[in-house]
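S.K.: Structure: model.tsv, TSV, C-alpha atoms.
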chain	number	residue	atom	x	y	z
D	1	MET	CA	-46.34	-14.66	18.81
D	2	LYS	CA	-45.28	-17.48	16.49
D	3	LEU	CA	-41.95	-15.74	16.06
D	4	LEU	CA	-41.41	-15.75	19.85
D	5	ARG	CA	-42.24	-19.46	20.08
D	6	LEU	CA	-39.88	-20.24	17.23
D	7	LEU	CA	-37.14	-18.20	18.92
D	8	GLY	CA	-37.70	-20.09	22.18
D	9	CYS	CA	-37.36	-23.45	20.41
D	10	VAL	CA	-34.10	-22.36	18.73
D	11	VAL	CA	-32.63	-21.21	22.07
D	12	ALA	CA	-33.62	-24.47	23.78
D	13	CYS	CA	-32.06	-26.56	21.03
D	14	ALA	CA	-28.87	-24.47	21.09
D	15	VAL	CA	-28.50	-25.01	24.86
D	16	ALA	CA	-29.39	-28.71	24.83
D	17	TRP	CA	-27.37	-29.84	21.77
D	18	PRO	CA	-23.81	-29.12	23.09
D	19	GLY	CA	-24.67	-30.82	26.38
D	20	ALA	CA	-25.92	-33.92	24.59
D	21	GLN	CA	-22.62	-34.14	22.71
D	22	ALA	CA	-20.31	-33.13	25.57
D	23	GLN	CA	-21.56	-35.30	28.40
D	24	PRO	CA	-20.92	-38.68	26.67
D	25	ALA	CA	-17.44	-37.41	25.81
D	26	ALA	CA	-16.95	-36.32	29.42
D	27	ALA	CA	-17.79	-39.88	30.48
D	28	LYS	CA	-14.35	-40.87	29.15
D	29	ALA	CA	-13.06	-39.68	32.53
D	30	LEU	CA	-14.82	-42.75	34.01
D	31	GLU	CA	-14.54	-45.32	31.22
D	32	GLN	CA	-10.83	-45.24	30.32
D	33	LYS	CA	-8.88	-47.36	32.81
D	34	ASP	CA	-5.36	-46.15	31.95
D	35	LEU	CA	-5.89	-42.47	32.84
D	36	THR	CA	-4.26	-40.80	35.81
D	37	LEU	CA	-6.32	-38.61	38.16
D	38	LYS	CA	-4.94	-35.54	36.40
D	39	ASP	CA	-5.95	-36.95	32.98
D	40	ARG	CA	-9.44	-37.83	34.28
D	41	TYR	CA	-9.88	-34.31	35.58
D	42	ALA	CA	-8.78	-32.89	32.21
D	43	ALA	CA	-11.12	-35.25	30.30
D	44	MET	CA	-14.04	-34.34	32.57
D	45	LYS	CA	-13.32	-30.60	32.27
D	46	ASN	CA	-12.51	-30.39	28.56
D	47	ASN	CA	-15.36	-32.63	27.38
D	48	SER	CA	-18.10	-31.19	29.58
D	49	GLN	CA	-20.71	-28.70	28.41
D	50	THR	CA	-19.62	-25.05	28.55
D	51	PHE	CA	-22.06	-22.26	29.37
D	52	GLN	CA	-20.41	-18.87	29.17
D	53	ASP	CA	-17.44	-19.17	31.59
D	54	TYR	CA	-18.89	-22.19	33.43
D	55	LYS	CA	-18.75	-25.94	33.13
D	56	VAL	CA	-21.86	-28.11	33.51
D	57	ILE	CA	-20.96	-31.63	34.64
D	58	LYS	CA	-23.49	-34.40	35.18
D	59	GLU	CA	-23.69	-35.69	38.72
D	60	TYR	CA	-22.93	-39.30	37.80
D	61	ILE	CA	-19.64	-38.20	36.16
D	62	LEU	CA	-18.68	-36.06	39.15
D	63	ASP	CA	-19.59	-38.91	41.54
D	64	GLY	CA	-17.66	-41.41	39.41
D	65	VAL	CA	-14.51	-39.30	39.39
D	66	TRP	CA	-14.86	-38.85	43.16
D	67	LYS	CA	-15.10	-42.63	43.64
D	68	ILE	CA	-11.99	-43.14	41.48
D	69	TYR	CA	-10.22	-40.51	43.57
D	70	LEU	CA	-11.19	-42.33	46.79
D	71	ASP	CA	-9.96	-45.63	45.33
D	72	SER	CA	-6.65	-43.97	44.44
D	73	VAL	CA	-6.38	-42.58	47.96
D	74	ALA	CA	-7.02	-46.05	49.42
D	75	ALA	CA	-4.39	-47.56	47.10
D	76	GLN	CA	-1.84	-44.92	48.15
D	77	LYS	CA	-2.61	-45.60	51.81
D	78	GLN	CA	-2.01	-49.30	51.22
D	79	ALA	CA	1.27	-48.50	49.45
D	80	LEU	CA	2.33	-46.28	52.36
D	81	ALA	CA	1.45	-49.01	54.86
D	82	ALA	CA	3.45	-51.55	52.83
D	83	ALA	CA	6.41	-49.16	52.69
D	84	HIS	CA	6.27	-48.63	56.46
D	85	ALA	CA	6.15	-52.40	56.99
D	86	LYS	CA	9.14	-52.84	54.68
D	87	ILE	CA	11.08	-50.17	56.56
D	88	GLN	CA	10.33	-51.93	59.85
D	89	GLY	CA	11.60	-55.18	58.35
D	90	LEU	CA	14.76	-53.47	57.16
D	91	GLU	CA	15.27	-51.97	60.62
D	92	LYS	CA	15.08	-55.46	62.10
D	93	ASP	CA	17.64	-56.66	59.53
D	94	VAL	CA	19.92	-53.76	60.42
D	95	SER	CA	19.67	-54.61	64.12
D	96	GLU	CA	20.47	-58.23	63.38
D	97	LEU	CA	23.45	-57.20	61.25
D	98	LYS	CA	24.70	-54.92	64.03
D	99	ARG	CA	24.39	-57.78	66.50
D	100	GLN	CA	26.27	-60.12	64.15
D	101	MET	CA	28.94	-57.50	63.58
D	102	ALA	CA	29.41	-57.00	67.32
D	103	ALA	CA	29.62	-60.76	67.88
D	104	GLN	CA	32.05	-61.18	64.99
D	105	GLN	CA	34.25	-58.33	66.18
D	106	ALA	CA	34.33	-59.76	69.68
D	107	ALA	CA	35.30	-63.15	68.30
D	108	VAL	CA	38.03	-61.59	66.15
D	109	GLU	CA	39.53	-59.73	69.11
D	110	ASP	CA	39.43	-62.79	71.39
D	111	ILE	CA	41.12	-65.03	68.87
D	112	THR	CA	43.71	-62.43	67.85
D	113	PHE	CA	44.85	-61.86	71.40
D	114	ALA	CA	44.62	-65.52	72.44
D	115	SER	CA	46.95	-67.08	69.91
D	116	THR	CA	49.10	-66.43	66.90
D	117	HIS	CA	47.50	-69.35	65.02
D	118	LEU	CA	44.03	-70.70	64.73
D	119	THR	CA	42.98	-74.10	63.50
D	120	VAL	CA	39.60	-74.32	61.84
D	121	LEU	CA	38.36	-77.65	60.52
D	122	GLY	CA	41.86	-79.02	60.69
D	123	VAL	CA	43.41	-76.15	58.72
D	124	SER	CA	45.90	-73.91	60.45
D	125	PHE	CA	45.73	-70.22	59.74
D	126	HIS	CA	48.44	-67.71	60.52
D	127	LYS	CA	47.40	-64.75	62.64
D	128	THR	CA	47.79	-62.26	59.78
D	129	THR	CA	45.81	-64.43	57.39
D	130	PHE	CA	43.01	-64.95	59.85
D	131	VAL	CA	42.80	-61.24	60.61
D	132	LEU	CA	42.54	-60.48	56.90
D	133	LEU	CA	39.76	-63.03	56.46
D	134	ALA	CA	37.91	-61.70	59.49
D	135	ALA	CA	38.33	-58.13	58.24
D	136	ALA	CA	36.89	-59.17	54.89
D	137	ALA	CA	33.89	-60.70	56.65
D	138	VAL	CA	33.38	-57.55	58.75
D	139	GLY	CA	33.78	-55.43	55.61
D	140	ALA	CA	31.11	-57.48	53.87
D	141	LEU	CA	28.76	-56.98	56.83
D	142	ILE	CA	29.50	-53.24	56.88
D	143	PHE	CA	28.79	-53.05	53.15
D	144	ALA	CA	25.49	-54.86	53.68
D	145	LEU	CA	24.62	-52.49	56.54
D	146	VAL	CA	25.42	-49.41	54.45
D	147	SER	CA	23.34	-50.78	51.58
D	148	LEU	CA	20.38	-51.38	53.89
D	149	LEU	CA	20.69	-47.88	55.38
D	150	ALA	CA	20.77	-46.38	51.88
D	151	ARG	CA	17.64	-48.33	50.91
D	152	MET	CA	15.91	-47.21	54.09
D	153	ARG	CA	16.76	-43.58	53.31
D	154	LEU	CA	15.41	-43.92	49.77
D	155	LEU	CA	12.23	-45.54	51.03
D	156	ALA	CA	11.76	-42.81	53.63
D	157	VAL	CA	12.14	-40.12	50.96
D	158	SER	CA	9.70	-41.96	48.70
D	159	VAL	CA	7.14	-42.27	51.50
D	160	ARG	CA	7.46	-38.57	52.36
D	161	GLU	CA	7.07	-37.55	48.71
D	162	LYS	CA	3.99	-39.75	48.31
D	163	ALA	CA	2.45	-38.30	51.45
D	164	GLU	CA	3.10	-34.75	50.22
D	165	SER	CA	1.73	-35.59	46.78
D	166	PHE	CA	-1.37	-37.09	48.33
D	167	ALA	CA	-1.95	-34.03	50.52
D	168	GLU	CA	-1.53	-31.66	47.55
D	169	LEU	CA	-3.86	-33.77	45.40
D	170	ASN	CA	-6.48	-33.80	48.13
D	171	ARG	CA	-6.30	-30.01	48.52
D	172	ASP	CA	-6.53	-29.44	44.77
D	173	TYR	CA	-9.55	-31.70	44.43
D	174	GLU	CA	-11.39	-30.17	47.37
D	175	GLU	CA	-10.79	-26.69	45.92
D	176	TYR	CA	-11.98	-27.83	42.50
D	177	LYS	CA	-15.07	-29.45	43.98
D	178	ARG	CA	-15.93	-26.31	45.91
D	179	LYS	CA	-15.51	-24.06	42.88
D	180	SER	CA	-17.46	-26.51	40.70
D	181	MET	CA	-20.40	-26.52	43.12
D	182	GLU	CA	-20.38	-22.72	43.27
D	183	LYS	CA	-20.32	-22.44	39.49
D	184	GLN	CA	-23.14	-24.96	39.10
D	185	MET	CA	-25.30	-23.12	41.63
D	186	LYS	CA	-24.64	-19.81	39.87
D	187	LEU	CA	-25.39	-21.38	36.50
D	188	ALA	CA	-28.63	-22.86	37.81
D	189	ARG	CA	-29.73	-19.43	39.04
D	190	GLU	CA	-28.90	-17.82	35.71
D	191	LEU	CA	-30.77	-20.53	33.78
D	192	GLN	CA	-33.79	-20.06	36.04
D	193	ASN	CA	-33.68	-16.30	35.41
D	194	GLU	CA	-33.64	-16.93	31.65
D	195	ARG	CA	-36.63	-19.27	31.98
D	196	ASN	CA	-38.49	-16.66	33.98
D	197	LYS	CA	-37.77	-14.04	31.29
D	198	LEU	CA	-39.08	-16.40	28.60
D	199	MET	CA	-42.22	-17.07	30.64
D	200	GLU	CA	-42.79	-13.33	30.95
D	201	LEU	CA	-42.45	-12.86	27.18
D	202	ARG	CA	-45.04	-15.55	26.45
D	203	PRO	CA	-48.61	-14.30	25.99
D	204	HIS	CA	-50.98	-15.14	28.86
Please express what this file holds, its structure, as structure tokens.

M.R.:
Amino acid sequence: MKLLRLLGCVVACAVAWPGAQAQPAAAKALEQKDLTLKDRYAAMKNNSQTFQDYKVIKEYILDGVWKIYLDSVAAQKQALAAAHAKIQGLEKDVSELKRQMAAQQAAVEDITFASTHLTVLGVSFHKTTFVLLAAAAVGALIFALVSLLARMRLLAVSVREKAESFAELNRDYEEYKRKSMEKQMKLARELQNERNKLMELRPH
């Protein structure tokens, strides 16, 4: 009888000791501010108590990682909203540049066909010289337009990649959460079975 009690104490200590060491280490997933979500997941997983093929994670750690995940999601949504706003601003700039280009081109054509010379601020320009200057101005506007279109394309690609990354991250976390809950429920049942066996071995 004493041997059975001693055996029960040894088993209880063996189960409790790794958990006491692992859970504070697992809390690094919440405490370290410079970790990515992937690093937090790895810290929570690798530093949590292991029972057979299962991980036992304290609720406050799981809840903390979930809150950090939600904060990251909110930050990404804000970044996406800012990117959309920036794209809209660039689209307005592009429209304004197109309008300026159209106005400039119209002015160039009118002046070219109206006269062979043009006086601006008291300085007379030959037709060829004026056309070259106007072409340079139009070229500069076209270059600015192309640059803005390239930036818009890069921003659109970045927004799409962030949206896809966010969707994949959300799916991965939901799958992990589901599997973690299933493993914890299975572990709880197995622990209860072991307690019941120990109770049956104790003398009445």

S.K.: Using all atoms listed in the file, collect all residues at a distance of at most 12 Å from (20.6, -50.4, 54.5) as written in the file, then present them as a PyMOL selection string.

M.R.: chain D and resi 86-98+141-156

S.K.: Given the choices D:Gln76, D:Asn196, D:Thr36, D:Gln49, which gets closest to Ser165 (chain D) if the distance is worked out from only C-alpha atoms?

M.R.: D:Gln76

S.K.: Given all atoms listed in the file, how would the per-residue table for region 131-180 of chain D near region 56-74 of chain D read, listing every residue at most 9 Å away with its closest atom pair and distance in Å to one decimal, sorted by chain and number, as a tab-separated table?

M.R.:
residue	atom	partner	partner_atom	distance
D:Phe166	CA	D:Val73	CA	7.4
D:Asn170	CA	D:Val73	CA	8.8
D:Tyr173	CA	D:Tyr69	CA	8.9
D:Lys177	CA	D:Leu62	CA	8.9
D:Ser180	CA	D:Val56	CA	8.6

S.K.: So, with all atoms listed in the file as the atoms that count, which of D:Leu201, D:Met185, D:Leu35, D:Val159 lies closest to His84 (chain D)?

M.R.: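 Looking only at the distances to His84 (chain D), the closest residue turns out to be D:Val159.
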
S.K.: Which is closest to Gly139 (chain D) among D:Met101, D:Glu109, D:Asp172, D:Asp34, if we use all atoms listed in the file?

M.R.: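 For Gly139 (chain D), the nearest of the candidates is D:Met101.
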
S.K.: CA of Arg178 (chain D) and CA of Arg195 (chain D) are how many Å apart?

M.R.: 25.9 Å

S.K.: For CA of Met44 (chain D) and CA of Glu175 (chain D), determine how far apart the two atoms are, in Å to one decimal place.

M.R.: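 Rounded to one decimal, the two atoms are 15.7 Å apart.
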